[in-house]
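Student: I have a structure I would like to understand better, so I am pasting it below and will then ask my questions one at a time.
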Amino acid sequence: MNLNGGKEKRKKVEKRYVIPIYLSIFFLTLSLFIYEVLLTRLFSVILSNNMVFLVVSFAILGSGLGGIYGYVQFNKSKYNKSKKGENKRYIKDLVKISWLLPISIIGTIGIMYKSPYLSSSLIYIMIGMIPFIIGGAIISIIFKEYRENSNKLYFMDLIGAALGSLLVLKIMNSFGFMFSVVLTTILSMIGVILILIHYRFKKYVLINSFIVVILTALLIQGNFIRSVENGFTAYYSSPNTVIDYLRNSSSYKSLGISYSKWDAISRTDVLVTSDENEKIIVTDGAASAPILKFDGDLNKIAYLKKEVNYIPFAIGENKDALVIGSGGGKDVLFALLGGGKIIDAVEINGSSIDAVNKFKEFSGNIYGRPEVNVYNQDGRRFIENTKEVYDNIYLSMVMTNAVENNMFSLSENYLYTYEAFEEYFDHLKDQGKLSLMVHEEKEMIRIINTGIKVLLDRGIPQEEVTEYFTVINGVGMEHLASHGNMIMMPLVIFKNNPFTDVEIENVKTMANESKYQVIHYPGREYGPYKDIKENKITYKKMLKKFNVKVSPITDNSPFYYNYNSLVPNEIIILISGLMVIWLIISKVFFRKKEIRVISRHFIIIGLAYMLIEIPIVQKLSLYLENPSIAFSFVLFSILVSSGIGSALSGTKLIKKYMMESSIYLVVTGISVLTTLLTIDKVTLITNDFGLYGKFFVVFLTLLPMGTLMGMPFPTGINKVNKIKHSSNAIPLMWAANGIFSVIGSVLAVSLSMNVGFNTTIIIGGLCYLLLYNINPFKELGLK
């Protein structure tokens with residue numbers, strides 16, 4: 001009897017059936033990552049901007065809570081009996097939970113999408129986190145069961161998330177929102193089918209495969225899904241949208257949506273209104289831009305000359321103009337009225353350009369006129385790459401955060417940093433103007449302070465710097481009293497040279513004729529700027545006189561909308577809530593000393609990873625020209641390289657070395673600092689590369705660091721497996737790592753606001769050095 005032959009055959013069978021479990025991890029993580037982005041896109045439309053980050057962060061916390069559930073549910077005594085066949089209950093319960101994942105993905109999105117707006121954010125959190133809890137439970141249990149191969153599992157986990165970061169752009173741009181939800185459900189069902197194949201539930205494999213076929217048919221047919229997508233009840237009933245504002249307006253009503261497109265950047269709608277001369281482009285429910293009725297005759301839109309926005313185009317030369325954030329084309333009309341002959345219109349949201357072109361008969365084909373060159377780009381990237389100089393560079397209430405995909409990008413704005421202003425001034429002609437309209441007084445003061453700083457650094461004497469700008473209040477004088485005499489929608493106009501007496505008089509005359517108040521001009525300075533002119537106070541001391549933080553922002557910390565000296569309230573609430581949840585969990589489930597000790601390893605690497613990943617995504621968003629592309633490309637690079645590191649950590653030689661020494665943590669920390677030192681130089685040298693060339697530059701630059709960052713997690717699992725009676729705690733380690741990854745992402749935003757991206761990355765690198773120093777496994781007899 002050939003015993004060896006029988007053993008070999010069994011090994012081949014086992015190997016054949018273990019491959020599906022690796023692939024299942026890939027598909028589960030892939031679908032959960034796409035679901036995370038879809039959730040962010042959904043909340044960006046129906047919730048206020050400051051709530052999206054908070055709600056999504058709490059929802060993703062569900063992955064860590066899933067690890068807790070996996071530990072509790074699958075460590076029950078009924079699974080630990082030695083009777084033959086008892087393990088089938090374990091397998092069946094795991095399969096049941098797996099089935100819930102695709103149901104929860106399509107079900108939670110469907111409930112939030114089709115239900116009227118839910119006034120409590122807590123409800124959205126609880127609904128949104130359900131798939132993360134289920135997914136976290138499944139993945140943590142699989143890690144426990146196949147802990148000997150944790151490096152392979154973690155590799156598939158990271159590769160699934162990496163592919164998700166790229167695929168989400170493609171599927172959202174190709175199919176829209178609801179089609180993407182169905183496709184994500186199909187991907188998660190494939191993961192479930194692979195689990196069924198692994199555990200040899202052939203009958204259920206056929207059933208689930210049939211469901212996949214049905215869903216695929218619905219995708220191909222399309223009409224049913226489109227009809228579901230059109231019934232976006234939560235959006236139509238949300239109080240945070242332009243639609244709701246118009247619904248409550250006494251004189252201006254929305255008559256319906258005539259165009260809609262939902263891609264990876266934004267949801268863009270065109271509203272037909274009761275004003276037959278105007279349509280409104282709405283981005284993510286809240287940011288709006290008008291499309292004005294125009295037949296090509298400028299005389300018919302001469303009424304626009306009465307608006308404050310026209311003033312920059314009415315003084316001096318205006319032959320060459322750059323409009324950043326051209327939206328529905330109204331600002332282009334101002335430039336045409338001002339005599340513009342060459343107008344470069346830059347708009348980051350391609351759907352806005354498509355919307356204007358779709359209604360070109362209504363808009364007079366504004367973007368197709370011979371004077372107008374349209375660029376679907378980020379305004380900051382355009383100004384850095386163009387060699388043109390302009391008579392007028394114009395930005396009117398450009399809010400890039402309204403169309404960014406990354407959930408950690410609620411407040412970053414590279415259009416208003418010190419470095420951006422340097423570029424603007426560099427691209428002005430000698431008598432050129434930089435004109436900016438913003439929302440309120442705080443923004444106005446920060447804009448002025450940034451412009452002053454650039455001028456001072458260019459050698460303009462402090463006592464002369466106030467002669468280089470004027471400010472007009474955007475509220476008409478007849479409405480000032482009803483607005484509490486507040487400064488609203490102010491227009492700031494800078495020049496490359498001092499305003500002449502003639503220009504000052506022209507600004508005052510135009511403002512008076514249109515009944516706007518000039519609140520600053522040379523000879524009548526606003527607030528503390530008079531003290532600046534008279535040299536009674538230095539620029540630095542002047543900044544301290546304001547009761548909010550209005551100093552210039554930089555590319556290293558471009559949080560334009562953060563006026564707090566410390567941390568915004570949303571961040572404080574989020575960190576406090578997360579820490580309370582962790583304290584409760586640790587008190588209940590981490591009571592044993594060995595579990596508390598080994599959890600430190602997974603806590604620190606969770607923090608470190610996010611403290612590095614989040615700022616690097618932001619640092620590279622300018623280089624990669626688009627925040628959504630940066631989000632996908634950078635995450636892909638870090639996750640794939642970390643997957644490579646995880647795979648390498650399972651090879652015999654490396655695994656043996658890492659089990660015997662923790663020096664790899666020191667190397668990881670050093671690699672982070674080395675990457676930080678080189679990344680700016682590399683991106684500067686390769687700034688002229690095409691997008692795909694830049695992608696490879698990013699990947700190769702992050703590869704060494706990412707590879708090392710992928711090793712601590714599977715190595716930690718391997719070490720837990722060596723500790724007697726501790727392998728059952730692996731789902732808890734997943735939970736600790738998941739919870740502190742969310743906490744780390746919030747800390748990354750908080751630290752970046754206060755000390756900048758570079759320092760935040762350094763702190764992340766130091767976490768690895770700290771982990772080497774405390775080495776929790778030493779307390780338990782391991783190295």
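Simple scheme: letters A, B, ... for chains in structure tokens order, numbers from 1 for residues in each chain, numbers from 1 for ligands in the order shown.
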List the neighbours of Ser646 of chain A out to 9 Å using only C-alpha atoms; skip same-chain residues closer than 3 positions along the sequence, and give me the result as a ChimeraX atom specification.
Tutor: /A:150-155,158,641-643,649-650,707-715
Student: Segment 651-659 of chain A: which residues within 8 Å, counting only C-alpha atoms, same-chain residues fewer than 2 positions away excluded, as a ChimeraX atom specification?
Tutor: /A:647-649,661-664,715,718-719,783
Student: Restricted to N, CA and C atoms, what would the selected residues look like written as a compact mmCIF listing (two decimals), in the first residue's frame?
Tutor:
```txt
# COMPACT_ATOMS: atom_id res chain seq x y z
N ALA A 647 3.89 39.26 1.72
CA ALA A 647 4.24 37.99 1.08
C ALA A 647 5.69 37.60 1.40
N LEU A 648 6.59 38.59 1.35
CA LEU A 648 8.00 38.31 1.64
C LEU A 648 8.20 37.88 3.08
N SER A 649 7.39 38.43 3.99
CA SER A 649 7.56 38.09 5.41
C SER A 649 7.24 36.63 5.71
N SER A 661 14.10 38.59 15.64
CA SER A 661 14.58 39.96 15.86
C SER A 661 13.53 40.96 15.40
N SER A 662 13.45 42.09 16.10
CA SER A 662 12.51 43.15 15.72
C SER A 662 13.21 44.33 15.08
N ILE A 663 14.44 44.14 14.66
CA ILE A 663 15.20 45.25 14.08
C ILE A 663 14.55 45.76 12.79
N TYR A 664 13.72 44.90 12.16
CA TYR A 664 13.03 45.33 10.94
C TYR A 664 12.14 46.55 11.20
N THR A 715 3.69 39.39 10.75
CA THR A 715 4.69 38.94 11.72
C THR A 715 4.10 38.91 13.12
N ASN A 718 1.96 35.86 13.44
CA ASN A 718 2.81 34.67 13.62
C ASN A 718 3.30 34.56 15.06
N LYS A 719 3.63 35.69 15.65
CA LYS A 719 4.12 35.67 17.03
C LYS A 719 2.99 35.36 18.01
N LYS A 783 10.93 37.46 20.96
CA LYS A 783 11.82 38.56 20.60
C LYS A 783 11.11 39.57 19.72
```
Student: Report the residues of segment 387-616 of chain A whose backbone DSSP state falls under alpha helix (DSSP H), written as number ranges by chain.
Tutor: A: 418-426, 441-457, 501-513, 529-533, 539-545, 569-589, 593-616
Student: May I ask which of the residues A:Ser174, A:Asn392, A:Asn737, A:Ser745 is the closest one to Ile603 of chain A, counting only C-alpha atoms?
Tutor: A:Asn737
Student: Can you pull out every residue within 7 Å of segment 219-228 of chain A, counting only C-alpha atoms, but drop anything in the same chain fewer than 3 positions away, and send it as a ChimeraX atom specification?
Tutor: /A:178-179,215-216,231
Student: Save the residues we just selected, C-alpha atoms, as a CSV table (one decimal), in the first residue's frame?
Tutor:
```csv
chain,number,residue,atom,x,y,z
A,178,MET,CA,-26.3,52.6,-8.4
A,179,PHE,CA,-24.6,50.4,-11.1
A,215,LEU,CA,-27.5,40.7,-10.9
A,216,THR,CA,-25.1,40.7,-13.9
A,231,GLY,CA,-35.6,57.8,-7.2
```
Student: So that each row is one residue of segment 330-444 of chain A with an atom at most 12 Å from segment 678-698 of chain A, can you give its shortest atom pair and the distance in Å to one decimal, using only C-alpha atoms, rows by chain and rising number, as a Markdown table?
Tutor:
```
| residue | atom | partner | partner_atom | distance |
| --- | --- | --- | --- | --- |
| A:Arg381 | CA | A:Asn687 | CA | 10.2 |
| A:Glu384 | CA | A:Asn687 | CA | 10.0 |
| A:Asn385 | CA | A:Asp688 | CA | 8.4 |
| A:Thr386 | CA | A:Asp688 | CA | 11.5 |
```
Student: How close does segment 523-555 of chain A get to segment 435-453 of chain A? List, as CSV, each residue of segment 523-555 of chain A within 10 Å, its nearest atom pair and the distance in Å to one decimal, counting only C-alpha atoms.
Tutor:
```
residue,atom,partner,partner_atom,distance
A:Tyr526,CA,A:Ile445,CA,10.0
A:Tyr529,CA,A:Asn449,CA,9.6
A:Tyr539,CA,A:Lys453,CA,8.1
A:Lys540,CA,A:Lys453,CA,9.7
A:Met542,CA,A:Asn449,CA,9.5
A:Leu543,CA,A:Asn449,CA,8.0
A:Phe546,CA,A:Ile445,CA,9.3
A:Val548,CA,A:Lys442,CA,8.0
A:Lys549,CA,A:Arg446,CA,8.4
A:Val550,CA,A:Arg446,CA,4.7
A:Ser551,CA,A:Arg446,CA,6.0
A:Pro552,CA,A:Thr450,CA,4.7
A:Ile553,CA,A:Thr450,CA,7.6
A:Thr554,CA,A:Thr450,CA,9.6
```
Student: Return the single residue from A:Leu183, A:Leu395, A:Ile612, A:Ile139 that is closest to Asp157 of chain A, with distances computed using only C-alpha atoms.
Tutor: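 Distance minimum relative to Asp157 of chain A lands on A:Ile139.
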Student: Which of segment 419-594 of chain A counts as strand (DSSP E or B) under DSSP, as a ChimeraX atom specification please?
Tutor: /A:428-437,440,469-472,488,491-495,518-521,524,554,557,559
Student: Write the residues you've just listed into a file as a CSV table (one decimal), in the first residue's frame, and include N, CA, C and O atoms for each of them.
Tutor:
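Listing of out.csv after writing:
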```
chain,number,residue,atom,x,y,z
A,428,LEU,N,1.0,87.1,-13.6
A,428,LEU,CA,0.4,88.4,-13.9
A,428,LEU,C,1.3,89.3,-14.7
A,428,LEU,O,2.5,89.3,-14.5
A,429,LYS,N,0.7,90.0,-15.6
A,429,LYS,CA,1.4,91.0,-16.3
A,429,LYS,C,1.8,92.2,-15.4
A,429,LYS,O,1.3,92.2,-14.2
A,430,ASP,N,2.6,93.1,-15.8
A,430,ASP,CA,3.0,94.2,-14.9
A,430,ASP,C,1.8,94.9,-14.2
A,430,ASP,O,1.9,95.2,-13.0
A,431,GLN,N,0.8,95.1,-14.9
A,431,GLN,CA,-0.4,95.8,-14.4
A,431,GLN,C,-1.6,94.8,-14.1
A,431,GLN,O,-2.7,95.2,-14.0
A,432,GLY,N,-1.2,93.6,-14.1
A,432,GLY,CA,-2.2,92.5,-14.0
A,432,GLY,C,-2.9,92.5,-12.6
A,432,GLY,O,-2.4,93.0,-11.6
A,433,LYS,N,-4.1,91.9,-12.5
A,433,LYS,CA,-4.9,91.8,-11.3
A,433,LYS,C,-5.1,90.4,-10.9
A,433,LYS,O,-5.4,89.5,-11.8
A,434,LEU,N,-5.1,90.1,-9.6
A,434,LEU,CA,-5.5,88.8,-9.1
A,434,LEU,C,-6.8,89.1,-8.3
A,434,LEU,O,-6.8,89.8,-7.3
A,435,SER,N,-7.9,88.5,-8.7
A,435,SER,CA,-9.2,88.9,-8.1
A,435,SER,C,-9.8,87.6,-7.5
A,435,SER,O,-9.9,86.5,-8.1
A,436,LEU,N,-10.2,87.7,-6.2
A,436,LEU,CA,-10.8,86.6,-5.5
A,436,LEU,C,-12.1,86.9,-4.8
A,436,LEU,O,-12.0,87.9,-4.0
A,437,MET,N,-13.1,86.2,-5.1
A,437,MET,CA,-14.4,86.4,-4.3
A,437,MET,C,-14.5,85.2,-3.3
A,437,MET,O,-14.3,84.1,-3.8
A,440,GLU,N,-17.0,84.9,3.2
A,440,GLU,CA,-17.3,85.7,4.4
A,440,GLU,C,-16.0,86.4,4.8
A,440,GLU,O,-14.9,86.3,4.2
A,469,PHE,N,-3.9,96.4,-3.0
A,469,PHE,CA,-5.2,95.7,-3.0
A,469,PHE,C,-6.3,96.6,-2.6
A,469,PHE,O,-6.2,97.6,-1.9
A,470,THR,N,-7.5,96.2,-3.1
A,470,THR,CA,-8.8,96.9,-2.7
A,470,THR,C,-9.7,95.7,-2.4
A,470,THR,O,-9.6,94.6,-2.8
A,471,VAL,N,-10.8,96.1,-1.6
A,471,VAL,CA,-11.8,95.1,-1.2
A,471,VAL,C,-13.2,95.7,-1.3
A,471,VAL,O,-13.4,96.8,-0.8
A,472,ILE,N,-14.1,95.0,-1.9
A,472,ILE,CA,-15.5,95.5,-2.0
A,472,ILE,C,-16.4,94.4,-1.3
A,472,ILE,O,-16.2,93.2,-1.6
A,488,MET,N,-20.1,90.0,3.5
A,488,MET,CA,-20.5,88.7,2.8
A,488,MET,C,-20.1,88.8,1.4
A,488,MET,O,-20.3,89.8,0.7
A,491,LEU,N,-15.1,90.8,-2.4
A,491,LEU,CA,-14.2,90.7,-3.5
A,491,LEU,C,-12.9,91.4,-3.2
A,491,LEU,O,-12.9,92.6,-2.9
A,492,VAL,N,-11.8,90.6,-3.3
A,492,VAL,CA,-10.5,91.2,-3.0
A,492,VAL,C,-9.7,91.2,-4.4
A,492,VAL,O,-9.6,90.2,-5.1
A,493,ILE,N,-9.2,92.4,-4.7
A,493,ILE,CA,-8.4,92.6,-5.9
A,493,ILE,C,-7.0,93.0,-5.6
A,493,ILE,O,-6.8,94.1,-5.0
A,494,PHE,N,-6.0,92.1,-5.9
A,494,PHE,CA,-4.6,92.5,-5.8
A,494,PHE,C,-4.1,92.9,-7.1
A,494,PHE,O,-4.6,92.5,-8.2
A,495,LYS,N,-3.0,93.7,-7.1
A,495,LYS,CA,-2.3,94.0,-8.3
A,495,LYS,C,-0.8,93.8,-8.1
A,495,LYS,O,-0.3,93.7,-7.0
A,518,VAL,N,-17.0,99.9,-0.9
A,518,VAL,CA,-15.6,99.6,-1.0
A,518,VAL,C,-15.1,99.7,0.5
A,518,VAL,O,-15.0,100.8,1.1
A,519,ILE,N,-14.7,98.6,1.0
A,519,ILE,CA,-14.3,98.6,2.5
A,519,ILE,C,-12.8,98.7,2.7
A,519,ILE,O,-12.3,98.9,3.8
A,520,HIS,N,-12.0,98.6,1.6
A,520,HIS,CA,-10.6,98.9,1.7
A,520,HIS,C,-10.1,99.4,0.3
A,520,HIS,O,-10.4,98.8,-0.7
A,521,TYR,N,-9.3,100.5,0.4
A,521,TYR,CA,-8.6,101.0,-0.8
A,521,TYR,C,-7.5,101.9,-0.2
A,521,TYR,O,-7.5,102.3,0.9
A,524,ARG,N,-7.8,104.5,2.6
A,524,ARG,CA,-8.9,104.2,3.5
A,524,ARG,C,-8.8,102.7,3.8
A,524,ARG,O,-9.5,101.8,3.3
A,554,THR,N,-0.1,76.9,3.9
A,554,THR,CA,1.0,76.5,3.0
A,554,THR,C,0.6,75.1,2.4
A,554,THR,O,-0.3,74.5,2.9
A,557,SER,N,0.3,72.3,4.9
A,557,SER,CA,-0.9,72.3,5.7
A,557,SER,C,-2.0,73.1,5.1
A,557,SER,O,-2.3,74.2,5.7
A,559,PHE,N,-5.1,73.7,5.0
A,559,PHE,CA,-6.5,73.6,5.6
A,559,PHE,C,-7.1,75.0,5.6
A,559,PHE,O,-7.1,75.7,6.7
```
Student: Hey, what's within 9 Å of segment 186-191 of chain A if we count only C-alpha atoms and toss same-chain stuff fewer than 5 positions away? As number ranges by chain, please?
Tutor: A: 20-21, 23-32, 98-99, 101-103, 105, 181, 196, 208-209, 211-213, 215-216
Student: In Å to one decimal, how far is atom CA of Arg369 of chain A from atom CA of Glu278 of chain A?
Tutor: 19.3 Å
Student: Which residues come within 8 Å of Ile616 of chain A, counting only C-alpha atoms, excluding same-chain residues fewer than 6 positions away, as JSON, numbers by chain?
Tutor: {"A": [634, 757, 761]}
Student: Convert the current residue selection to file output with all heavy atoms, as a short mmCIF file (atom, residue, chain, number, x, y, z; two decimals), in the first residue's frame.
Tutor:
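Okay, this is what ended up in selection_4.cif:
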```cif
data_model
loop_
_atom_site.label_atom_id
_atom_site.label_comp_id
_atom_site.auth_asym_id
_atom_site.auth_seq_id
_atom_site.Cartn_x
_atom_site.Cartn_y
_atom_site.Cartn_z
N VAL A 634 -1.97 56.69 -5.04
CA VAL A 634 -1.10 56.59 -3.87
C VAL A 634 -1.51 55.40 -2.99
O VAL A 634 -0.65 54.64 -2.53
CB VAL A 634 -1.12 57.90 -3.05
CG1 VAL A 634 -0.27 57.76 -1.79
CG2 VAL A 634 -0.59 59.06 -3.89
N PHE A 757 1.87 68.22 7.08
CA PHE A 757 1.96 66.85 6.59
C PHE A 757 3.31 66.21 6.93
O PHE A 757 3.38 65.05 7.33
CB PHE A 757 1.77 66.81 5.07
CG PHE A 757 0.39 67.22 4.63
CD1 PHE A 757 0.22 68.07 3.55
CD2 PHE A 757 -0.73 66.77 5.30
CE1 PHE A 757 -1.04 68.44 3.13
CE2 PHE A 757 -2.01 67.14 4.89
CZ PHE A 757 -2.16 67.98 3.80
N ILE A 761 3.98 62.74 9.08
CA ILE A 761 4.64 61.54 8.53
C ILE A 761 5.82 61.13 9.42
O ILE A 761 6.04 59.94 9.68
CB ILE A 761 5.10 61.81 7.09
CG1 ILE A 761 3.88 62.01 6.18
CG2 ILE A 761 5.96 60.66 6.57
CD1 ILE A 761 4.21 62.53 4.80
#
```
Student: How far is it from atom CA of Thr108 of chain A to atom CA of Gly285 of chain A, in Å with one decimal?
Tutor: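 Rounded to one decimal, the two atoms are 20.6 Å apart.
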Student: Could you tell me which of A:Ser165, A:Asn373, A:Thr466, A:Asn413 comes closest to Asn535 of chain A if we count only C-alpha atoms?
Tutor: A:Thr466
Student: Which of these, A:Ile257, A:Leu732, A:Ile353, A:Val242, has the shortest distance to Phe589 of chain A once you count only C-alpha atoms?
Tutor: A:Leu732
Student: Please indicate the distance in Å from atom CA of Asp269 of chain A to atom CA of Ser44 of chain A, rounded to one decimal place.
Tutor: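 One can read the atom CA of Asp269 of chain A to atom CA of Ser44 of chain A distance as 13.9 Å.
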Student: Near Ile575 of chain A, counting only C-alpha atoms, which residues have an atom at most 12 Å away, once you skip same-chain residues fewer than 5 positions from it, shown as an NGL selection string?
Tutor: :A and (53-54 or 57-58 or 61 or 567-570 or 580-582 or 739-740 or 742-750)
Student: Have a look at A:Leu194, A:Val332, A:Lys545, A:Tyr623 and name the one nearest to Asp531 of chain A; count only C-alpha atoms.
Tutor: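 Using only C-alpha atoms, the shortest distance to Asp531 of chain A belongs to A:Lys545.
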Student: With distances taken over only C-alpha atoms, which residue among A:Phe602, A:Phe43, A:Tyr367, A:Trp262 lies nearest Thr241 of chain A?
Tutor: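 Smallest distance to Thr241 of chain A is found for A:Phe43.
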